[in-house]
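coords21.pdb (PDB, C-alpha atoms and all ligand atoms)
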ATOM      1  CA  MET A 174     -39.122 -18.305  47.546
ATOM      2  CA  VAL A 175     -38.869 -16.742  44.071
ATOM      3  CA  ARG A 176     -41.783 -14.378  43.469
ATOM      4  CA  LYS A 177     -43.736 -15.307  40.415
ATOM      5  CA  ILE A 178     -46.083 -13.837  37.844
ATOM      6  CA  ALA A 179     -48.442 -16.556  36.584
ATOM      7  CA  LEU A 180     -49.806 -16.140  33.069
ATOM      8  CA  GLU A 181     -52.590 -18.644  32.449
ATOM      9  CA  GLU A 182     -54.864 -18.335  35.448
ATOM     10  CA  HIS A 183     -58.562 -18.521  34.766
ATOM     11  CA  PHE A 184     -61.773 -16.953  35.983
ATOM     12  CA  LEU A 185     -65.447 -16.842  35.097
ATOM     13  CA  SER A 186     -67.711 -13.813  35.046
ATOM     14  CA  PRO A 187     -71.481 -14.239  35.460
ATOM     15  CA  GLY A 188     -72.291 -13.915  31.726
ATOM     16  CA  LEU A 189     -69.903 -16.720  30.707
ATOM     17  CA  VAL A 190     -70.894 -19.515  33.079
ATOM     18  CA  ASP A 191     -73.409 -21.085  30.705
ATOM     19  CA  TYR A 192     -70.761 -21.546  27.989
ATOM     20  CA  TRP A 193     -68.392 -23.181  30.444
ATOM     21  CA  ARG A 194     -70.540 -25.512  32.519
ATOM     22  CA  PRO A 195     -71.717 -28.003  29.837
ATOM     23  CA  THR A 196     -68.243 -28.717  28.485
ATOM     24  CA  MET A 197     -66.791 -29.151  31.988
ATOM     25  CA  THR A 198     -69.685 -31.350  33.058
ATOM     26  CA  GLU A 199     -68.914 -33.658  30.128
ATOM     27  CA  VAL A 200     -65.314 -34.167  31.302
ATOM     28  CA  ALA A 201     -65.635 -34.504  35.056
ATOM     29  CA  PRO A 202     -69.020 -33.762  36.652
ATOM     30  CA  GLN A 203     -67.653 -34.511  40.116
ATOM     31  CA  VAL A 204     -65.309 -31.485  40.075
ATOM     32  CA  VAL A 205     -67.547 -28.900  38.379
ATOM     33  CA  ASP A 206     -68.745 -27.302  41.614
ATOM     34  CA  THR A 207     -65.250 -26.985  43.077
ATOM     35  CA  LEU A 208     -63.874 -25.536  39.841
ATOM     36  CA  TYR A 209     -66.802 -23.128  39.594
ATOM     37  CA  ARG A 210     -66.151 -21.895  43.125
ATOM     38  CA  ARG A 211     -62.461 -21.375  42.393
ATOM     39  CA  LEU A 212     -63.070 -19.685  39.025
ATOM     40  CA  THR A 213     -65.447 -17.160  40.583
ATOM     41  CA  ASP A 214     -63.390 -16.447  43.705
ATOM     42  CA  PHE A 215     -60.930 -13.565  43.750
ATOM     43  CA  ALA A 216     -60.563 -13.207  47.495
ATOM     44  CA  ASP A 217     -59.279 -15.385  50.311
ATOM     45  CA  GLU A 218     -59.164 -18.811  48.659
ATOM     46  CA  ARG A 219     -57.373 -17.725  45.478
ATOM     47  CA  LEU A 220     -55.129 -15.151  47.150
ATOM     48  CA  GLY A 221     -54.293 -17.543  49.986
ATOM     49  CA  ILE A 222     -53.071 -20.283  47.691
ATOM     50  CA  MET A 223     -51.228 -17.724  45.540
ATOM     51  CA  ASP A 224     -49.451 -16.544  48.703
ATOM     52  CA  LYS A 225     -48.491 -20.071  49.691
ATOM     53  CA  ALA A 226     -47.092 -20.720  46.201
ATOM     54  CA  GLY A 227     -45.191 -17.424  46.028
ATOM     55  CA  ILE A 228     -47.332 -16.150  43.146
ATOM     56  CA  GLU A 229     -47.232 -12.404  43.425
ATOM     57  CA  LYS A 230     -49.465 -11.682  40.485
ATOM     58  CA  ALA A 231     -51.884 -13.706  38.353
ATOM     59  CA  VAL A 232     -52.709 -12.544  34.851
ATOM     60  CA  LEU A 233     -56.361 -13.597  34.702
ATOM     61  CA  SER A 234     -58.122 -14.879  31.613
ATOM     62  CA  VAL A 235     -61.553 -16.298  30.889
ATOM     63  CA  SER A 236     -61.992 -20.038  31.283
ATOM     64  CA  GLY A 237     -63.005 -21.209  27.813
ATOM     65  CA  PRO A 238     -64.835 -21.421  25.599
ATOM     66  CA  GLY A 239     -66.367 -18.074  26.581
ATOM     67  CA  VAL A 240     -68.233 -16.208  23.868
ATOM     68  CA  GLN A 241     -66.465 -18.221  21.174
ATOM     69  CA  ALA A 242     -69.300 -20.693  21.792
ATOM     70  CA  GLU A 243     -71.980 -18.068  21.151
ATOM     71  CA  ARG A 244     -73.846 -18.188  17.806
ATOM     72  CA  ASP A 245     -75.253 -14.672  17.999
ATOM     73  CA  ALA A 246     -72.416 -12.289  17.053
ATOM     74  CA  ALA A 247     -73.952  -9.216  18.672
ATOM     75  CA  LEU A 248     -74.563 -11.066  21.931
ATOM     76  CA  ALA A 249     -71.013 -12.457  21.856
ATOM     77  CA  THR A 250     -69.585  -8.958  21.439
ATOM     78  CA  LYS A 251     -71.726  -7.618  24.276
ATOM     79  CA  ARG A 252     -70.864 -10.454  26.666
ATOM     80  CA  ALA A 253     -67.135 -10.225  25.894
ATOM     81  CA  ALA A 254     -67.177  -6.533  26.814
ATOM     82  CA  GLU A 255     -69.116  -7.316  30.008
ATOM     83  CA  ALA A 256     -66.555  -9.982  30.945
ATOM     84  CA  ASN A 257     -63.739  -7.471  30.389
ATOM     85  CA  ASP A 258     -65.470  -4.843  32.506
ATOM     86  CA  PHE A 259     -66.011  -7.451  35.222
ATOM     87  CA  LEU A 260     -62.322  -8.369  35.142
ATOM     88  CA  ALA A 261     -61.330  -4.701  35.245
ATOM     89  CA  GLY A 262     -63.355  -4.419  38.457
ATOM     90  CA  VAL A 263     -61.555  -7.418  39.965
ATOM     91  CA  ILE A 264     -58.168  -5.925  39.070
ATOM     92  CA  ALA A 265     -59.140  -2.490  40.433
ATOM     93  CA  ARG A 266     -59.833  -4.072  43.838
ATOM     94  CA  GLN A 267     -56.490  -5.961  43.908
ATOM     95  CA  PRO A 268     -54.164  -4.165  41.473
ATOM     96  CA  LYS A 269     -51.020  -5.631  42.995
ATOM     97  CA  ARG A 270     -52.269  -9.218  42.696
ATOM     98  CA  TYR A 271     -54.150  -9.332  39.399
ATOM     99  CA  ALA A 272     -53.706  -8.296  35.784
ATOM    100  CA  GLY A 273     -55.772  -9.348  32.793
ATOM    101  CA  PHE A 274     -55.977 -10.651  29.250
ATOM    102  CA  ALA A 275     -58.896  -9.400  27.152
ATOM    103  CA  HIS A 276     -61.728 -11.663  26.016
ATOM    104  CA  VAL A 277     -62.814 -10.877  22.449
ATOM    105  CA  ALA A 278     -65.674 -12.000  20.206
ATOM    106  CA  LEU A 279     -64.112 -13.401  17.039
ATOM    107  CA  GLN A 280     -67.510 -13.432  15.313
ATOM    108  CA  ASP A 281     -66.728  -9.791  14.485
ATOM    109  CA  ALA A 282     -62.989  -9.422  13.958
ATOM    110  CA  THR A 283     -63.069  -5.648  13.520
ATOM    111  CA  GLY A 284     -65.085  -5.306  16.714
ATOM    112  CA  ALA A 285     -62.677  -7.678  18.469
ATOM    113  CA  ALA A 286     -59.730  -5.488  17.455
ATOM    114  CA  ARG A 287     -61.572  -2.448  18.818
ATOM    115  CA  GLU A 288     -62.352  -4.256  22.074
ATOM    116  CA  LEU A 289     -58.721  -5.319  22.434
ATOM    117  CA  GLU A 290     -57.678  -1.685  22.063
ATOM    118  CA  ARG A 291     -60.253  -0.571  24.655
ATOM    119  CA  CYS A 292     -59.043  -3.238  27.085
ATOM    120  CA  VAL A 293     -55.384  -2.292  26.680
ATOM    121  CA  ARG A 294     -55.730   1.493  26.567
ATOM    122  CA  GLU A 295     -58.619   2.046  28.975
ATOM    123  CA  LEU A 296     -58.559  -0.998  31.276
ATOM    124  CA  GLY A 297     -54.789  -1.604  31.354
ATOM    125  CA  PHE A 298     -54.990  -5.213  30.146
ATOM    126  CA  LYS A 299     -51.809  -6.951  28.987
ATOM    127  CA  GLY A 300     -52.998  -8.626  25.774
ATOM    128  CA  ALA A 301     -55.741 -11.019  24.717
ATOM    129  CA  MET A 302     -56.442 -14.702  25.013
ATOM    130  CA  ILE A 303     -58.114 -16.648  22.199
ATOM    131  CA  HIS A 304     -59.639 -20.089  22.796
ATOM    132  CA  GLY A 305     -59.181 -22.395  19.843
ATOM    133  CA  LEU A 306     -61.324 -22.355  16.725
ATOM    134  CA  ALA A 307     -63.560 -19.441  15.800
ATOM    135  CA  GLU A 308     -66.882 -20.655  14.377
ATOM    136  CA  GLY A 309     -65.044 -23.772  13.240
ATOM    137  CA  HIS A 310     -62.182 -21.851  11.579
ATOM    138  CA  PHE A 311     -58.528 -21.727  12.493
ATOM    139  CA  ILE A 312     -57.752 -18.087  13.192
ATOM    140  CA  ASP A 313     -54.846 -17.853  10.764
ATOM    141  CA  ASP A 314     -57.632 -17.012   8.267
ATOM    142  CA  LYS A 315     -57.133 -13.482   6.948
ATOM    143  CA  ARG A 316     -60.506 -12.340   8.311
ATOM    144  CA  TYR A 317     -58.912 -12.401  11.799
ATOM    145  CA  TRP A 318     -55.766 -10.472  10.892
ATOM    146  CA  PRO A 319     -57.223  -7.112  12.003
ATOM    147  CA  ILE A 320     -56.960  -8.440  15.568
ATOM    148  CA  PHE A 321     -53.319  -9.385  15.079
ATOM    149  CA  ALA A 322     -52.553  -6.029  13.435
ATOM    150  CA  ARG A 323     -54.082  -4.221  16.420
ATOM    151  CA  ALA A 324     -52.131  -6.360  18.887
ATOM    152  CA  GLU A 325     -48.962  -5.461  16.997
ATOM    153  CA  ALA A 326     -49.822  -1.750  17.079
ATOM    154  CA  LEU A 327     -50.572  -1.922  20.809
ATOM    155  CA  ASP A 328     -47.446  -4.042  21.384
ATOM    156  CA  VAL A 329     -49.328  -6.705  23.374
ATOM    157  CA  PRO A 330     -49.219 -10.475  22.903
ATOM    158  CA  ILE A 331     -52.033 -12.858  22.034
ATOM    159  CA  TYR A 332     -52.214 -15.998  24.133
ATOM    160  CA  LEU A 333     -53.399 -18.971  22.066
ATOM    161  CA  HIS A 334     -55.325 -21.164  24.472
ATOM    162  CA  PRO A 335     -56.658 -24.593  23.496
ATOM    163  CA  SER A 336     -60.296 -25.412  23.059
ATOM    164  CA  MET A 337     -62.311 -28.284  21.628
ATOM    165  CA  PRO A 338     -61.079 -29.831  18.366
ATOM    166  CA  HIS A 339     -63.243 -29.528  15.260
ATOM    167  CA  PRO A 340     -66.201 -31.974  15.382
ATOM    168  CA  GLY A 341     -64.839 -33.729  12.263
ATOM    169  CA  VAL A 342     -61.519 -34.277  14.032
ATOM    170  CA  ILE A 343     -63.225 -35.605  17.148
ATOM    171  CA  ASP A 344     -65.185 -38.002  14.976
ATOM    172  CA  ALA A 345     -62.171 -39.251  13.012
ATOM    173  CA  TYR A 346     -59.564 -39.331  15.776
ATOM    174  CA  TYR A 347     -61.174 -39.773  19.162
ATOM    175  CA  LYS A 348     -64.761 -40.977  19.172
ATOM    176  CA  GLU A 349     -64.053 -44.602  20.177
ATOM    177  CA  TYR A 350     -62.197 -43.365  23.264
ATOM    178  CA  ALA A 351     -64.179 -40.252  24.122
ATOM    179  CA  LYS A 352     -66.576 -41.942  26.535
ATOM    180  CA  ASP A 353     -63.997 -43.688  28.721
ATOM    181  CA  PHE A 354     -61.378 -40.957  28.373
ATOM    182  CA  PRO A 355     -63.133 -37.631  27.807
ATOM    183  CA  ILE A 356     -59.907 -35.784  28.636
ATOM    184  CA  LEU A 357     -58.150 -37.455  25.658
ATOM    185  CA  LEU A 358     -59.601 -35.042  23.111
ATOM    186  CA  ARG A 359     -58.932 -32.195  25.535
ATOM    187  CA  ALA A 360     -55.960 -31.576  27.854
ATOM    188  CA  ALA A 361     -54.371 -35.022  27.479
ATOM    189  CA  TRP A 362     -53.860 -34.801  23.704
ATOM    190  CA  GLY A 363     -56.535 -33.189  21.504
ATOM    191  CA  TYR A 364     -55.933 -29.633  22.758
ATOM    192  CA  THR A 365     -52.219 -30.017  22.054
ATOM    193  CA  VAL A 366     -52.714 -31.125  18.450
ATOM    194  CA  GLU A 367     -55.291 -28.414  17.813
ATOM    195  CA  THR A 368     -53.226 -25.567  19.240
ATOM    196  CA  ALA A 369     -49.909 -26.692  17.754
ATOM    197  CA  THR A 370     -51.638 -26.934  14.362
ATOM    198  CA  LEU A 371     -52.910 -23.379  14.741
ATOM    199  CA  ALA A 372     -49.403 -22.111  15.536
ATOM    200  CA  ILE A 373     -47.969 -23.927  12.495
ATOM    201  CA  ARG A 374     -50.700 -22.479  10.285
ATOM    202  CA  LEU A 375     -50.027 -18.968  11.599
ATOM    203  CA  VAL A 376     -46.377 -19.264  10.562
ATOM    204  CA  LEU A 377     -47.287 -20.641   7.110
ATOM    205  CA  SER A 378     -50.051 -18.044   6.573
ATOM    206  CA  GLY A 379     -47.592 -15.252   5.819
ATOM    207  CA  LEU A 380     -48.908 -13.187   8.749
ATOM    208  CA  PHE A 381     -45.390 -12.544   9.970
ATOM    209  CA  GLU A 382     -44.328 -11.071   6.624
ATOM    210  CA  GLN A 383     -46.790  -8.253   7.358
ATOM    211  CA  HIS A 384     -47.010  -8.096  11.145
ATOM    212  CA  ARG A 385     -44.704  -8.547  14.089
ATOM    213  CA  THR A 386     -47.478  -9.836  16.332
ATOM    214  CA  LYS A 387     -46.319 -11.677  19.457
ATOM    215  CA  PHE A 388     -48.025 -14.909  20.439
ATOM    216  CA  ILE A 389     -47.888 -17.014  23.574
ATOM    217  CA  LEU A 390     -48.477 -20.766  23.718
ATOM    218  CA  GLY A 391     -49.157 -22.530  27.006
ATOM    219  CA  HIS A 392     -48.214 -26.083  28.012
ATOM    220  CA  LEU A 393     -44.538 -25.613  27.082
ATOM    221  CA  GLY A 394     -45.391 -24.658  23.523
ATOM    222  CA  GLU A 395     -47.859 -27.492  22.875
ATOM    223  CA  GLY A 396     -45.058 -29.853  21.825
ATOM    224  CA  LEU A 397     -43.662 -27.578  19.129
ATOM    225  CA  PRO A 398     -40.232 -26.899  20.680
ATOM    226  CA  PHE A 399     -39.556 -30.652  20.505
ATOM    227  CA  LEU A 400     -40.688 -30.775  16.879
ATOM    228  CA  LEU A 401     -39.254 -27.542  15.462
ATOM    229  CA  TRP A 402     -36.210 -29.105  13.860
ATOM    230  CA  ARG A 403     -38.310 -31.802  12.213
ATOM    231  CA  ILE A 404     -40.969 -29.406  10.925
ATOM    232  CA  ASN A 405     -38.308 -27.044   9.612
ATOM    233  CA  SER A 406     -36.472 -29.896   7.915
ATOM    234  CA  GLY A 407     -39.666 -31.150   6.275
ATOM    235  CA  LEU A 408     -40.577 -27.735   4.984
ATOM    236  CA  ALA A 409     -37.089 -27.338   3.500
ATOM    237  CA  ARG A 410     -37.595 -30.338   1.179
ATOM    238  CA  PRO A 411     -38.221 -29.758  -2.541
ATOM    239  CA  GLY A 412     -41.710 -28.808  -3.661
ATOM    240  CA  GLN A 413     -42.557 -26.411  -0.810
ATOM    241  CA  LYS A 414     -42.936 -22.665  -0.902
ATOM    242  CA  PRO A 415     -39.785 -21.329   0.834
ATOM    243  CA  VAL A 416     -40.326 -20.611   4.541
ATOM    244  CA  GLN A 417     -37.870 -20.257   7.413
ATOM    245  CA  PHE A 418     -40.225 -22.004   9.804
ATOM    246  CA  ARG A 419     -37.984 -22.385  12.827
ATOM    247  CA  ASP A 420     -36.703 -18.804  12.651
ATOM    248  CA  ILE A 421     -40.183 -17.315  12.257
ATOM    249  CA  PHE A 422     -41.627 -19.389  15.075
ATOM    250  CA  SER A 423     -38.771 -18.554  17.419
ATOM    251  CA  ALA A 424     -38.995 -14.845  16.626
ATOM    252  CA  HIS A 425     -42.722 -14.494  17.370
ATOM    253  CA  PHE A 426     -43.705 -17.078  19.950
ATOM    254  CA  SER A 427     -43.119 -17.356  23.672
ATOM    255  CA  ILE A 428     -44.258 -20.309  25.763
ATOM    256  CA  THR A 429     -45.463 -20.868  29.305
ATOM    257  CA  THR A 430     -45.188 -23.702  31.791
ATOM    258  CA  SER A 431     -48.946 -23.993  32.299
ATOM    259  CA  GLY A 432     -49.901 -27.501  33.379
ATOM    260  CA  PHE A 433     -46.544 -28.988  32.299
ATOM    261  CA  PHE A 434     -44.048 -29.313  35.109
ATOM    262  CA  SER A 435     -41.421 -31.639  33.631
ATOM    263  CA  ASP A 436     -37.641 -31.185  33.913
ATOM    264  CA  PRO A 437     -36.694 -32.854  30.608
ATOM    265  CA  ALA A 438     -39.447 -31.024  28.696
ATOM    266  CA  LEU A 439     -38.441 -27.664  30.170
ATOM    267  CA  LEU A 440     -34.727 -28.187  29.474
ATOM    268  CA  LEU A 441     -35.508 -29.049  25.865
ATOM    269  CA  CYS A 442     -37.506 -25.821  25.596
ATOM    270  CA  VAL A 443     -34.621 -23.819  27.063
ATOM    271  CA  GLN A 444     -32.284 -25.332  24.475
ATOM    272  CA  GLU A 445     -34.610 -24.807  21.532
ATOM    273  CA  MET A 446     -36.317 -21.498  22.384
ATOM    274  CA  GLY A 447     -33.819 -19.815  24.723
ATOM    275  CA  ILE A 448     -34.411 -18.866  28.359
ATOM    276  CA  ASP A 449     -35.943 -15.478  27.494
ATOM    277  CA  ARG A 450     -38.948 -17.092  25.770
ATOM    278  CA  ILE A 451     -40.241 -19.168  28.681
ATOM    279  CA  LEU A 452     -42.717 -17.750  31.186
ATOM    280  CA  PHE A 453     -44.268 -19.160  34.319
ATOM    281  CA  ALA A 454     -47.923 -20.206  34.454
ATOM    282  CA  VAL A 455     -49.974 -22.691  36.451
ATOM    283  CA  ASP A 456     -53.381 -23.051  34.697
ATOM    284  CA  TYR A 457     -55.303 -22.574  37.936
ATOM    285  CA  PRO A 458     -57.755 -23.952  38.939
ATOM    286  CA  PHE A 459     -57.404 -26.865  36.497
ATOM    287  CA  GLU A 460     -53.965 -27.415  37.990
ATOM    288  CA  ALA A 461     -53.378 -26.897  41.712
ATOM    289  CA  ASN A 462     -51.250 -23.858  42.547
ATOM    290  CA  ALA A 463     -48.694 -25.683  44.700
ATOM    291  CA  PRO A 464     -46.931 -28.184  42.350
ATOM    292  CA  GLY A 465     -45.802 -25.718  39.644
ATOM    293  CA  PRO A 466     -43.924 -23.356  41.951
ATOM    294  CA  ALA A 467     -42.454 -26.291  43.912
ATOM    295  CA  TRP A 468     -41.202 -27.722  40.616
ATOM    296  CA  LEU A 469     -39.758 -24.411  39.395
ATOM    297  CA  ALA A 470     -37.842 -24.064  42.669
ATOM    298  CA  ARG A 471     -35.986 -27.332  42.041
ATOM    299  CA  VAL A 472     -35.528 -27.373  38.233
ATOM    300  CA  PRO A 473     -31.853 -27.765  37.284
ATOM    301  CA  LEU A 474     -31.311 -24.158  36.132
ATOM    302  CA  CYS A 475     -29.324 -21.331  37.731
ATOM    303  CA  ASP A 476     -31.129 -18.766  39.889
ATOM    304  CA  GLU A 477     -30.827 -16.085  37.217
ATOM    305  CA  ASP A 478     -32.593 -18.293  34.659
ATOM    306  CA  LYS A 479     -35.273 -19.304  37.156
ATOM    307  CA  ALA A 480     -35.922 -15.630  37.906
ATOM    308  CA  LYS A 481     -36.436 -14.970  34.178
ATOM    309  CA  ILE A 482     -39.024 -17.747  33.966
ATOM    310  CA  ALA A 483     -40.636 -16.753  37.273
ATOM    311  CA  SER A 484     -41.261 -13.111  36.403
ATOM    312  CA  GLY A 485     -38.495 -11.373  34.452
ATOM    313  CA  ASN A 486     -39.675 -12.481  31.020
ATOM    314  CA  ALA A 487     -43.313 -11.659  31.851
ATOM    315  CA  LYS A 488     -42.360  -8.165  32.992
ATOM    316  CA  ARG A 489     -40.674  -7.571  29.656
ATOM    317  CA  LEU A 490     -43.235  -9.199  27.339
ATOM    318  CA  LEU A 491     -46.279  -7.768  29.135
ATOM    319  CA  ARG A 492     -44.520  -4.482  30.041
ATOM    320  CA  MET A 493     -45.379  -4.805  33.718
TER
HETATM  321 MN    MN A 501     -55.815 -23.022  30.643
END
Can you present the structure in this file as structure tokens?
Amino acid sequence: MVRKIALEEHFLSPGLVDYWRPTMTEVAPQVVDTLYRRLTDFADERLGIMDKAGIEKAVLSVSGPGVQAERDAALATKRAAEANDFLAGVIARQPKRYAGFAHVALQDATGAARELERCVRELGFKGAMIHGLAEGHFIDDKRYWPIFARAEALDVPIYLHPSMPHPGVIDAYYKEYAKDFPILLRAAWGYTVETATLAIRLVLSGLFEQHRTKFILGHLGEGLPFLLWRINSGLARPGQKPVQFRDIFSAHFSITTSGFFSDPALLLCVQEMGIDRILFAVDYPFEANAPGPAWLARVPLCDEDKAKIASGNAKRLLRM
């Protein structure tokens, strides 16, 4: 079996449980206890199913929303640092099996940049993960650029993870269906729209004229590889500020397979993004660990390409 590094594998530390539980309870109360057990386990259960799936190393990240749901900025900053210290302890006990992405409090962007640097330089983390909107704002806003500048300086990527859409969007787009299909505004569709919109805004913001920050999108790029040609073509019409959308996106974004194990979708991504931009991830424990690796083993790509997705690209991007 090909040995894999998995990039979007979640955990919870004690200080973050109260942000997580209410949102999960709203989606599927019957699985909250099982998910909680899996998110807080770093021993036999998690390692055993990683072994069975041929996952050599999991890059762990907080299960959202984390401190992005905290109103008190000082408390958010404190709890983010505690979560990072907790994760550093987990990694120190199993350094061959776990690595980490930093959790940062966006309520204080300068502090978040400092915390990212601490996590990378002192704790050996591989980058940061950000969960959706920050206090209702898309993070292409210039107030958050210090974080991106620091990530560039440290040469680590930022993983853009979905979170809840803006309340106004939920109201306008989803409310009639939210009760019967609570996952609609989340993993089934809403997360995708929200995160793809953020990535588009980052490209249009001009960030990449100043910084060479690397970003990662899960879920096979949140639909964007399929749409790149169309977006690029639209933005090339008269009346727009000139922007080479497709080139900028392709130069700064990588994507993972988290929770999206489809042959046709993957092959499209290979054609649009190139094999070097696609990295393996499961999205444990929201996805089971077994199906993703079983799928990767049989996708219609050569062994060399599969090895790049399985771990080669992660080793390069995360310098592992
Ligand atoms: Mn996830």
Residues of chain A within 10 Å of ligand MN 501 (chain A): nearest atom pair and distance (Å, one decimal) for each, counting all atoms listed in the file, sorted by chain and number, as a Markdown table?
| residue | atom | partner | partner_atom | distance |
| --- | --- | --- | --- | --- |
| A:Leu180 | CA | A:MN501 | MN | 9.5 |
| A:Glu181 | CA | A:MN501 | MN | 5.7 |
| A:Glu182 | CA | A:MN501 | MN | 6.8 |
| A:His183 | CA | A:MN501 | MN | 6.7 |
| A:Ser234 | CA | A:MN501 | MN | 8.5 |
| A:Val235 | CA | A:MN501 | MN | 8.8 |
| A:Ser236 | CA | A:MN501 | MN | 6.9 |
| A:Gly237 | CA | A:MN501 | MN | 7.9 |
| A:His304 | CA | A:MN501 | MN | 9.2 |
| A:Leu333 | CA | A:MN501 | MN | 9.8 |
| A:His334 | CA | A:MN501 | MN | 6.5 |
| A:Pro335 | CA | A:MN501 | MN | 7.4 |
| A:Ser336 | CA | A:MN501 | MN | 9.1 |
| A:Ala360 | CA | A:MN501 | MN | 9.0 |
| A:Gly391 | CA | A:MN501 | MN | 7.6 |
| A:His392 | CA | A:MN501 | MN | 8.6 |
| A:Ser431 | CA | A:MN501 | MN | 7.1 |
| A:Gly432 | CA | A:MN501 | MN | 7.9 |
| A:Ala454 | CA | A:MN501 | MN | 9.2 |
| A:Val455 | CA | A:MN501 | MN | 8.2 |
| A:Asp456 | CA | A:MN501 | MN | 4.7 |
| A:Tyr457 | CA | A:MN501 | MN | 7.3 |
| A:Pro458 | CA | A:MN501 | MN | 8.6 |
| A:Phe459 | CA | A:MN501 | MN | 7.2 |
| A:Glu460 | CA | A:MN501 | MN | 8.8 |
If the PyMOL selection byres (((chain A and resi 370) around 12) and not hetatm) is run on the structure shown, which residues does it catch, given as an MDAnalysis selection string? chainID A and resid 305:306 311:313 333 335 338:339 363:369 371:378 390 394:397 400 404
Give as a list in words every residue, naming chains and numbers as the document does, that has an atom within 7 Å of (-63.7, -36.3, 31.0), counting only C-alpha atoms.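 Checked against the point, the hits come out as Glu199, Val200, Ala201, Phe354, Pro355 and Ile356 of chain A.
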Using all atoms listed in the file: which of A:Arg244, A:His384, A:Lys352, A:Lys251 has the shortest distance to A:Glu308: A:Arg244
Under the rule that all atoms listed in the file are counted, which of A:Gly412, A:Glu218, A:Ala361, A:Phe381 is the nearest residue to A:Phe433?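 Looking at the shortest contact to A:Phe433, the residue is A:Ala361.
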In Å and to one decimal, atom CA of A:Ala467 is distant from atom CA of A:Met223 by 12.4 Å
Smallest atom-to-atom distance to A:Tyr346: which of A:Cys442, A:Ile303, A:Ala480, A:Leu358, using all atoms listed in the file?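 Comparing A:Cys442, A:Ile303, A:Ala480, A:Leu358 against A:Tyr346, the winner is A:Leu358.
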Selected residue, from A:Leu380, A:Leu185, A:Met493, A:Ala326, that lies nearest to A:Ala256 when counting all atoms listed in the file: A:Leu185
Provide the atom CA of A:Glu325 to atom CA of A:Thr386 distance in Å, to one decimal place. 4.7 Å
Could stretch 395-399 of chain A be written out with all heavy atoms, as a CSV table (one decimal), in the first residue's frame, please?
chain,number,residue,atom,x,y,z
A,395,GLU,N,-12.7,23.1,-3.7
A,395,GLU,CA,-14.0,23.7,-3.5
A,395,GLU,C,-14.7,24.1,-4.9
A,395,GLU,O,-15.3,25.1,-5.0
A,395,GLU,CB,-13.9,24.9,-2.6
A,395,GLU,CG,-13.1,24.7,-1.3
A,395,GLU,CD,-13.8,23.9,-0.3
A,395,GLU,OE1,-15.0,23.4,-0.6
A,395,GLU,OE2,-13.3,23.6,0.8
A,396,GLY,N,-14.5,23.2,-5.9
A,396,GLY,CA,-15.1,23.5,-7.2
A,396,GLY,C,-14.4,24.4,-8.1
A,396,GLY,O,-14.7,24.4,-9.3
A,397,LEU,N,-13.4,25.1,-7.6
A,397,LEU,CA,-12.7,26.1,-8.5
A,397,LEU,C,-12.0,25.5,-9.7
A,397,LEU,O,-12.0,26.1,-10.7
A,397,LEU,CB,-11.8,27.0,-7.6
A,397,LEU,CG,-12.6,28.0,-6.7
A,397,LEU,CD1,-11.6,28.7,-5.8
A,397,LEU,CD2,-13.4,29.0,-7.6
A,398,PRO,N,-11.3,24.4,-9.5
A,398,PRO,CA,-10.6,23.9,-10.7
A,398,PRO,C,-11.6,23.7,-11.9
A,398,PRO,O,-11.3,24.0,-13.1
A,398,PRO,CB,-10.0,22.5,-10.3
A,398,PRO,CG,-9.8,22.7,-8.8
A,398,PRO,CD,-10.9,23.6,-8.3
A,399,PHE,N,-12.8,23.2,-11.6
A,399,PHE,CA,-13.8,23.1,-12.7
A,399,PHE,C,-14.2,24.4,-13.3
A,399,PHE,O,-14.5,24.5,-14.5
A,399,PHE,CB,-15.0,22.4,-12.1
A,399,PHE,CG,-16.2,22.2,-13.1
A,399,PHE,CD1,-16.2,21.1,-13.9
A,399,PHE,CD2,-17.2,23.1,-13.1
A,399,PHE,CE1,-17.2,20.9,-14.8
A,399,PHE,CE2,-18.3,22.9,-14.1
A,399,PHE,CZ,-18.2,21.8,-14.9
